[in-house]
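S.K.: To start, I am sharing the structure in question, which I have written as structure tokens.
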Amino acid sequence: MILEFMRDDHRACDHLYTEAENALADKKVDEAKKLFGEFYHATNHHFDMEEKELFITFEKRTGMMGGPTQMMRYEHQQLRALLESMLRSLNEDNYDDFFGQGESMMIMLQQHNMKEEQMLYPMIDRALGGDGELMIQTLKEMPK
Amino acid sequence: MFEGLSLNQAPPISVVLRFFLTLPVFGLILSLLMIFFPTEILTPNHPFSLASIHLLFLGMISMGMIGALFQMQSVLGGAPIPSPLGNSFIIHSLLVLGILALASAFMFQFPELFIIAAVLLGSGIVYFAQILLPLLIAKMSHNTLKGMRFAIFSLLITAILGVVMASSYANVSFGDTHAAIKASHYSIGLIGWIAALIIYVAFQVVEMFYVTASYSNWCKQNVKRILGASLFLKVIWLFAALPFAWVFDVFMALLLVGFVTTTMKRLRSRKRRVSDVSIWFWMMGMGLLMISLLSYGASMVSHYEPLEMMSLIAFALFALSIILGMMGKIVPFLVWFHLNAAGYMETPIMSNIIPAKRLKMSFWLFGVTASTAILSPFIPLLLIASGLSGVALFSLLLFNLVTAAKLYRNVLTTGTRFSFEP
């Protein structure tokens with residue numbers, strides 16, 4: 001099921017961010033930078049999996065071009081900008097800004113994840129039917 | 001121009017803020033009543049007590065929850081509430097005028113005001129439900145949507161029973177079923193509307209925002225069924241005047257105890273350890289719900305009236321604690337979200353919209369207000385202390401909300417937007 005696979009990936013990303021945030025709260029700056037870097041790459045990879053494979057296949061199957069997938073792309077754009085700002089704040093050792101931006105990012109990301117998990121992924125699962133496992137394999141093989 | 005990104009689904013910020021801004025205003029009115037009429041408020045069924053209960057549950061708790069639902073529907077429901085500006089204006093106006101009419105009807109004993117309140121509140125809630133319920137009965141449904149649907153349906157039933165009771169008060173004529181209607185009205189309102197909505201929001205929010213273990217699927221699927229069946233049977237028992245109606249309260253109480261212990265466990269073992277006032281409010285809310293359940297259980301055994309009053313106060317404070325905690329997160333987020341999505345370069349970060357220091361202060365003031373209020377059935381003078389603390393709490397809350405709204409307007413009028421145009 002796409003829902004389970006993508007939901008697990010959301011949780012894995014959340015875990016990485018939490019680790020980074022916890023490390024910075026404990027003043028382990030180098031570790032926080034390393035962990036945030038991992039979160040940054042994992043989240044961008046997740047967006048890529050959706051935009052380069054999952055959404056395109058869904059759109060082809062259903063003909064829904066300007067609907068929920070377009071909305072999710074818009075939100076990816078906003079989240080990517082936020083991740084860039086956080087990376088900049090962290091690299092400039094501006095930790096207050098990092099935590100402040102992190103709060104916005106976390107709420108926005110979770111709202112985005114809720115929409116995908118509650119609405120979009122079940123729609124994709126229905127559209128893909130028996131081809132769901134093949135899609136998961138394709139997503140797993142995408143270069144990170 | 002850099003156009004708004006995901007804004008086309010989110011309602012305008014004023015839609016949510018109008019409900020949130022009303023909450024502290026009713027909080028201030030209630031606090032003043034607590035200061036000047038403590039004995040009357042603590043006397044069960046006294047008109048001032050009934051006025052206070054409705055200011056609390058309708059003016060503050062339901063106002064906050066309906067405001068949050070306008071926002072949540074666009075996130076969880078997939079389809080936003082149509083014409084949000086117009087619809088929120090209609091619903092908010094009907095509710096505000098209805099609550100004022102109802103509180104005045106109780107306090108000044110004007111029969112006509114009960115009818116006005118019934119018409120305003122009844123139409124406001126029916127109007128809200130007829131907009132939201134069809135959106136929640138979508139093809140693609142999930143447990144949270146089903147929980148929200150159950151809660152709004154319960155609100156609708158609570159309102160219908162309330163209208164029936166208001167006409168009884170207006171005619172000063174109480175039939176044989178008055179006691180059953182009253183017990184059904186508050187049971188469905190407290191458990192079916194307030195507790196159910198908070199539980200289903202917790203299933204989403206606690207896990208995702210604080211990065212905790214997930215609630216079990218069994219819980220997500222069955223909470224509404226257990227609450228719905230218990231409430232349905234309790235209402236039948238009440239109207240048929242059958243014995244042992246309290247058995248259904250025991251079922252619901254056990255479920256709520258399970259919810260409290262599970263939520264506390266999840267929050268304590270959360271992966272996200274960064275200090276956050278909203279978690280303190282969640283913890284406080286869970287503690288207050290447990291106090292409410294324990295005191296309700298003790299009052300059933302002992303028939304000692306102050307314990308029952310304590311249970312009701314603690315229950316209201318449980319809901320208020322969760323709402324205040326979430327408002328402290330939602331309001332700064334919405335200000336940031338709307339400005340950022342519109343491309344304003346001066347968009348402040350969330351912690352600069354309502355500073356953490358002021359959020360912490362509101363938590364401690366809430367702690368003082370709550371602890372004195374729940375003990376007031378035993379030491380009535382404490383209700384005055386609670387009212388004084390309430391004045392400080394709701395003044396601070398109003399200040400926080402007004403400054404956030406002002407900041408938003410300032411950036412809108414003086415800020416610079418990103419532009420790709422030469």
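Residues in the structure tokens are named by chain (A, B, ... in the order shown) and by number from 1 within that chain; ligands are numbered from 1 in the order shown.
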Once you count only C-alpha atoms, what closest atom pair and distance in Å to one decimal does each residue of chain A within 10 Å of chain B have, with rows by chain and rising residue number, as a tab-separated table?
M.R.:
```
residue	atom	partner	partner_atom	distance
A:His10	CA	B:Met208	CA	9.8
A:Arg11	CA	B:Val211	CA	8.2
A:Asp14	CA	B:Val211	CA	7.0
A:His15	CA	B:Val211	CA	7.4
A:Tyr17	CA	B:Arg272	CA	8.7
A:Thr18	CA	B:Arg272	CA	5.2
A:Glu19	CA	B:Arg272	CA	7.7
A:Ala20	CA	B:Arg272	CA	9.7
A:Glu21	CA	B:Val274	CA	7.2
A:Asn22	CA	B:Arg273	CA	6.1
A:Ala23	CA	B:Val274	CA	9.7
A:Leu24	CA	B:Val274	CA	9.4
A:Ala25	CA	B:Val274	CA	6.6
A:Asp26	CA	B:Val274	CA	9.4
A:Pro68	CA	B:Gly78	CA	8.8
A:Gln70	CA	B:Ser6	CA	9.7
A:Met71	CA	B:Ser6	CA	6.4
A:Met72	CA	B:Ser6	CA	8.2
A:Arg73	CA	B:Leu5	CA	9.2
A:Tyr74	CA	B:Leu5	CA	5.5
A:Glu75	CA	B:Ser6	CA	5.9
A:His76	CA	B:Leu5	CA	9.5
A:Gln77	CA	B:Leu5	CA	8.1
A:Gln78	CA	B:Leu5	CA	7.0
A:Leu82	CA	B:Asn340	CA	9.8
A:Asp96	CA	B:Ser351	CA	8.7
A:Asp97	CA	B:Ile349	CA	7.2
A:Phe98	CA	B:Ile349	CA	9.4
A:Phe99	CA	B:Ser351	CA	8.5
A:Gly100	CA	B:Ile349	CA	5.5
A:Gln101	CA	B:Ile349	CA	6.0
A:Gly102	CA	B:Met350	CA	9.2
A:Glu103	CA	B:Met350	CA	7.1
A:Ser104	CA	B:Phe333	CA	6.1
A:Met105	CA	B:Phe333	CA	9.5
A:Met106	CA	B:Phe209	CA	7.0
A:Ile107	CA	B:Phe209	CA	6.7
A:Met108	CA	B:Phe337	CA	8.3
A:Leu109	CA	B:Phe209	CA	9.4
A:Gln110	CA	B:Met208	CA	6.1
A:Gln111	CA	B:Val75	CA	6.2
A:His112	CA	B:Val75	CA	7.7
A:Asn113	CA	B:Met208	CA	8.8
A:Met114	CA	B:Leu76	CA	6.7
A:Lys115	CA	B:Val75	CA	6.0
A:Glu116	CA	B:Leu76	CA	9.6
A:Glu117	CA	B:Leu76	CA	9.7
A:Gln118	CA	B:His142	CA	6.5
A:Met119	CA	B:Met140	CA	6.5
A:Leu120	CA	B:Gly78	CA	9.1
A:Pro122	CA	B:Met140	CA	7.9
A:Met123	CA	B:Met140	CA	7.8
```
S.K.: Could you dump the residues just selected with N, CA and C atoms as a short mmCIF file (atom, residue, chain, number, x, y, z; two decimals), in the first residue's frame?
M.R.:
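Output file selection.cif follows:
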```
data_model
loop_
_atom_site.label_atom_id
_atom_site.label_comp_id
_atom_site.auth_asym_id
_atom_site.auth_seq_id
_atom_site.Cartn_x
_atom_site.Cartn_y
_atom_site.Cartn_z
N HIS A 10 7.10 9.60 5.99
CA HIS A 10 6.81 10.84 6.72
C HIS A 10 7.34 10.73 8.15
N ARG A 11 7.04 9.61 8.79
CA ARG A 11 7.45 9.44 10.19
C ARG A 11 8.97 9.40 10.31
N ASP A 14 10.09 12.93 10.17
CA ASP A 14 9.78 13.58 11.46
C ASP A 14 10.82 13.22 12.51
N HIS A 15 11.17 11.93 12.52
CA HIS A 15 12.13 11.44 13.50
C HIS A 15 13.48 12.16 13.34
N TYR A 17 14.03 15.11 12.01
CA TYR A 17 13.93 16.51 12.44
C TYR A 17 13.95 16.61 13.96
N THR A 18 13.22 15.72 14.59
CA THR A 18 13.15 15.71 16.05
C THR A 18 14.54 15.53 16.65
N GLU A 19 15.31 14.62 16.05
CA GLU A 19 16.67 14.37 16.53
C GLU A 19 17.53 15.63 16.40
N ALA A 20 17.37 16.30 15.25
CA ALA A 20 18.15 17.52 15.02
C ALA A 20 17.77 18.60 16.03
N GLU A 21 16.47 18.78 16.22
CA GLU A 21 15.96 19.80 17.14
C GLU A 21 16.41 19.49 18.56
N ASN A 22 16.31 18.22 18.95
CA ASN A 22 16.74 17.82 20.30
C ASN A 22 18.23 18.08 20.49
N ALA A 23 19.02 17.75 19.47
CA ALA A 23 20.48 17.94 19.57
C ALA A 23 20.80 19.43 19.75
N LEU A 24 20.11 20.28 18.99
CA LEU A 24 20.38 21.72 19.10
C LEU A 24 19.92 22.25 20.47
N ALA A 25 18.81 21.73 20.95
CA ALA A 25 18.34 22.14 22.29
C ALA A 25 19.36 21.74 23.35
N ASP A 26 20.06 20.61 23.12
CA ASP A 26 21.11 20.15 24.05
C ASP A 26 22.46 20.82 23.74
N PRO A 68 -5.74 17.76 -6.39
CA PRO A 68 -4.97 17.65 -5.13
C PRO A 68 -3.46 17.57 -5.34
N GLN A 70 -1.69 19.05 -7.59
CA GLN A 70 -1.17 20.39 -7.86
C GLN A 70 -1.05 21.17 -6.55
N MET A 71 -2.05 21.00 -5.70
CA MET A 71 -2.04 21.63 -4.38
C MET A 71 -0.82 21.17 -3.56
N MET A 72 -0.54 19.88 -3.63
CA MET A 72 0.60 19.33 -2.87
C MET A 72 1.93 19.86 -3.42
N ARG A 73 1.99 20.03 -4.75
CA ARG A 73 3.21 20.60 -5.34
C ARG A 73 3.44 22.02 -4.82
N TYR A 74 2.34 22.80 -4.76
CA TYR A 74 2.45 24.17 -4.24
C TYR A 74 3.01 24.16 -2.82
N GLU A 75 2.47 23.21 -2.03
CA GLU A 75 2.90 23.16 -0.63
C GLU A 75 4.36 22.70 -0.52
N HIS A 76 4.76 21.80 -1.41
CA HIS A 76 6.18 21.38 -1.43
C HIS A 76 7.07 22.60 -1.65
N GLN A 77 6.64 23.46 -2.57
CA GLN A 77 7.42 24.66 -2.89
C GLN A 77 7.61 25.53 -1.64
N GLN A 78 6.51 25.69 -0.91
CA GLN A 78 6.57 26.53 0.29
C GLN A 78 7.46 25.87 1.36
N LEU A 82 11.05 27.06 3.13
CA LEU A 82 11.21 27.09 4.59
C LEU A 82 12.43 26.29 5.04
N ASP A 96 17.82 30.96 17.46
CA ASP A 96 16.45 31.40 17.79
C ASP A 96 15.58 31.40 16.54
N ASP A 97 16.16 31.92 15.45
CA ASP A 97 15.41 31.92 14.19
C ASP A 97 15.14 30.50 13.72
N PHE A 98 16.13 29.63 13.90
CA PHE A 98 15.99 28.23 13.48
C PHE A 98 14.80 27.58 14.19
N PHE A 99 14.73 27.77 15.53
CA PHE A 99 13.62 27.18 16.28
C PHE A 99 12.29 27.80 15.87
N GLY A 100 12.28 29.13 15.67
CA GLY A 100 11.05 29.83 15.27
C GLY A 100 10.56 29.34 13.92
N GLN A 101 11.50 29.25 12.96
CA GLN A 101 11.12 28.75 11.62
C GLN A 101 10.71 27.28 11.71
N GLY A 102 11.40 26.55 12.61
CA GLY A 102 11.11 25.12 12.78
C GLY A 102 9.68 24.88 13.23
N GLU A 103 9.19 25.77 14.09
CA GLU A 103 7.81 25.64 14.58
C GLU A 103 6.82 25.77 13.41
N SER A 104 7.04 26.80 12.59
CA SER A 104 6.17 26.99 11.41
C SER A 104 6.28 25.80 10.47
N MET A 105 7.54 25.38 10.25
CA MET A 105 7.77 24.28 9.30
C MET A 105 7.06 23.01 9.79
N MET A 106 7.17 22.74 11.09
CA MET A 106 6.60 21.51 11.63
C MET A 106 5.07 21.51 11.50
N ILE A 107 4.43 22.65 11.81
CA ILE A 107 2.96 22.69 11.69
C ILE A 107 2.55 22.55 10.23
N MET A 108 3.26 23.29 9.38
CA MET A 108 2.93 23.25 7.95
C MET A 108 3.14 21.85 7.38
N LEU A 109 4.28 21.25 7.76
CA LEU A 109 4.60 19.91 7.25
C LEU A 109 3.56 18.90 7.74
N GLN A 110 3.17 19.01 9.01
CA GLN A 110 2.21 18.03 9.54
C GLN A 110 0.83 18.22 8.91
N GLN A 111 0.44 19.48 8.67
CA GLN A 111 -0.84 19.71 7.99
C GLN A 111 -0.80 19.11 6.59
N HIS A 112 0.34 19.31 5.94
CA HIS A 112 0.53 18.78 4.58
C HIS A 112 0.46 17.24 4.62
N ASN A 113 1.16 16.65 5.59
CA ASN A 113 1.16 15.18 5.71
C ASN A 113 -0.25 14.65 5.98
N MET A 114 -1.00 15.38 6.83
CA MET A 114 -2.37 14.94 7.13
C MET A 114 -3.19 14.88 5.86
N LYS A 115 -3.08 15.94 5.04
CA LYS A 115 -3.86 15.97 3.79
C LYS A 115 -3.50 14.77 2.91
N GLU A 116 -2.19 14.48 2.82
CA GLU A 116 -1.76 13.38 1.97
C GLU A 116 -2.24 12.04 2.53
N GLU A 117 -2.04 11.86 3.84
CA GLU A 117 -2.36 10.56 4.44
C GLU A 117 -3.86 10.31 4.52
N GLN A 118 -4.61 11.38 4.74
CA GLN A 118 -6.05 11.18 4.91
C GLN A 118 -6.79 11.16 3.59
N MET A 119 -6.29 11.89 2.61
CA MET A 119 -7.06 12.03 1.37
C MET A 119 -6.32 11.50 0.13
N LEU A 120 -5.11 12.05 -0.08
CA LEU A 120 -4.46 11.79 -1.37
C LEU A 120 -3.96 10.35 -1.53
N PRO A 122 -4.86 7.51 -0.04
CA PRO A 122 -5.93 6.53 -0.30
C PRO A 122 -6.47 6.64 -1.73
N MET A 123 -6.54 7.88 -2.27
CA MET A 123 -7.00 8.05 -3.65
C MET A 123 -6.01 7.40 -4.61
#
```
S.K.: Could I get the residues of range 179-235 of chain B with an atom no further than 12 Å from an atom of range 46-63 of chain B, each paired with its nearest atom pair and that distance in Å to one decimal, using only C-alpha atoms, sorted by chain and residue number, as JSON lines?
M.R.:
```
{"residue": "B:Lys182", "atom": "CA", "partner": "B:Leu50", "partner_atom": "CA", "distance": 11.9}
{"residue": "B:Tyr186", "atom": "CA", "partner": "B:Phe57", "partner_atom": "CA", "distance": 10.2}
{"residue": "B:Gly189", "atom": "CA", "partner": "B:Phe57", "partner_atom": "CA", "distance": 8.9}
{"residue": "B:Leu190", "atom": "CA", "partner": "B:Phe57", "partner_atom": "CA", "distance": 8.7}
{"residue": "B:Trp193", "atom": "CA", "partner": "B:Ser62", "partner_atom": "CA", "distance": 8.9}
{"residue": "B:Ile194", "atom": "CA", "partner": "B:Ser62", "partner_atom": "CA", "distance": 7.8}
{"residue": "B:Ala195", "atom": "CA", "partner": "B:Ile61", "partner_atom": "CA", "distance": 11.1}
{"residue": "B:Leu197", "atom": "CA", "partner": "B:Ser62", "partner_atom": "CA", "distance": 10.6}
{"residue": "B:Ile198", "atom": "CA", "partner": "B:Ile61", "partner_atom": "CA", "distance": 11.0}
```
S.K.: Near range 45-50 of chain A, counting only C-alpha atoms, which residues have an atom at most 7 Å away, once you skip same-chain residues fewer than 4 positions from it, shown as a PyMOL selection string?
M.R.: chain A and resi 41+54-55+76+139+144
S.K.: Considering only C-alpha atoms, state which residue in the set B:Lys357, B:Glu112, B:Ile131, B:Ile125 is at the smallest distance from Ala79 in chain B.
M.R.: B:Ile131
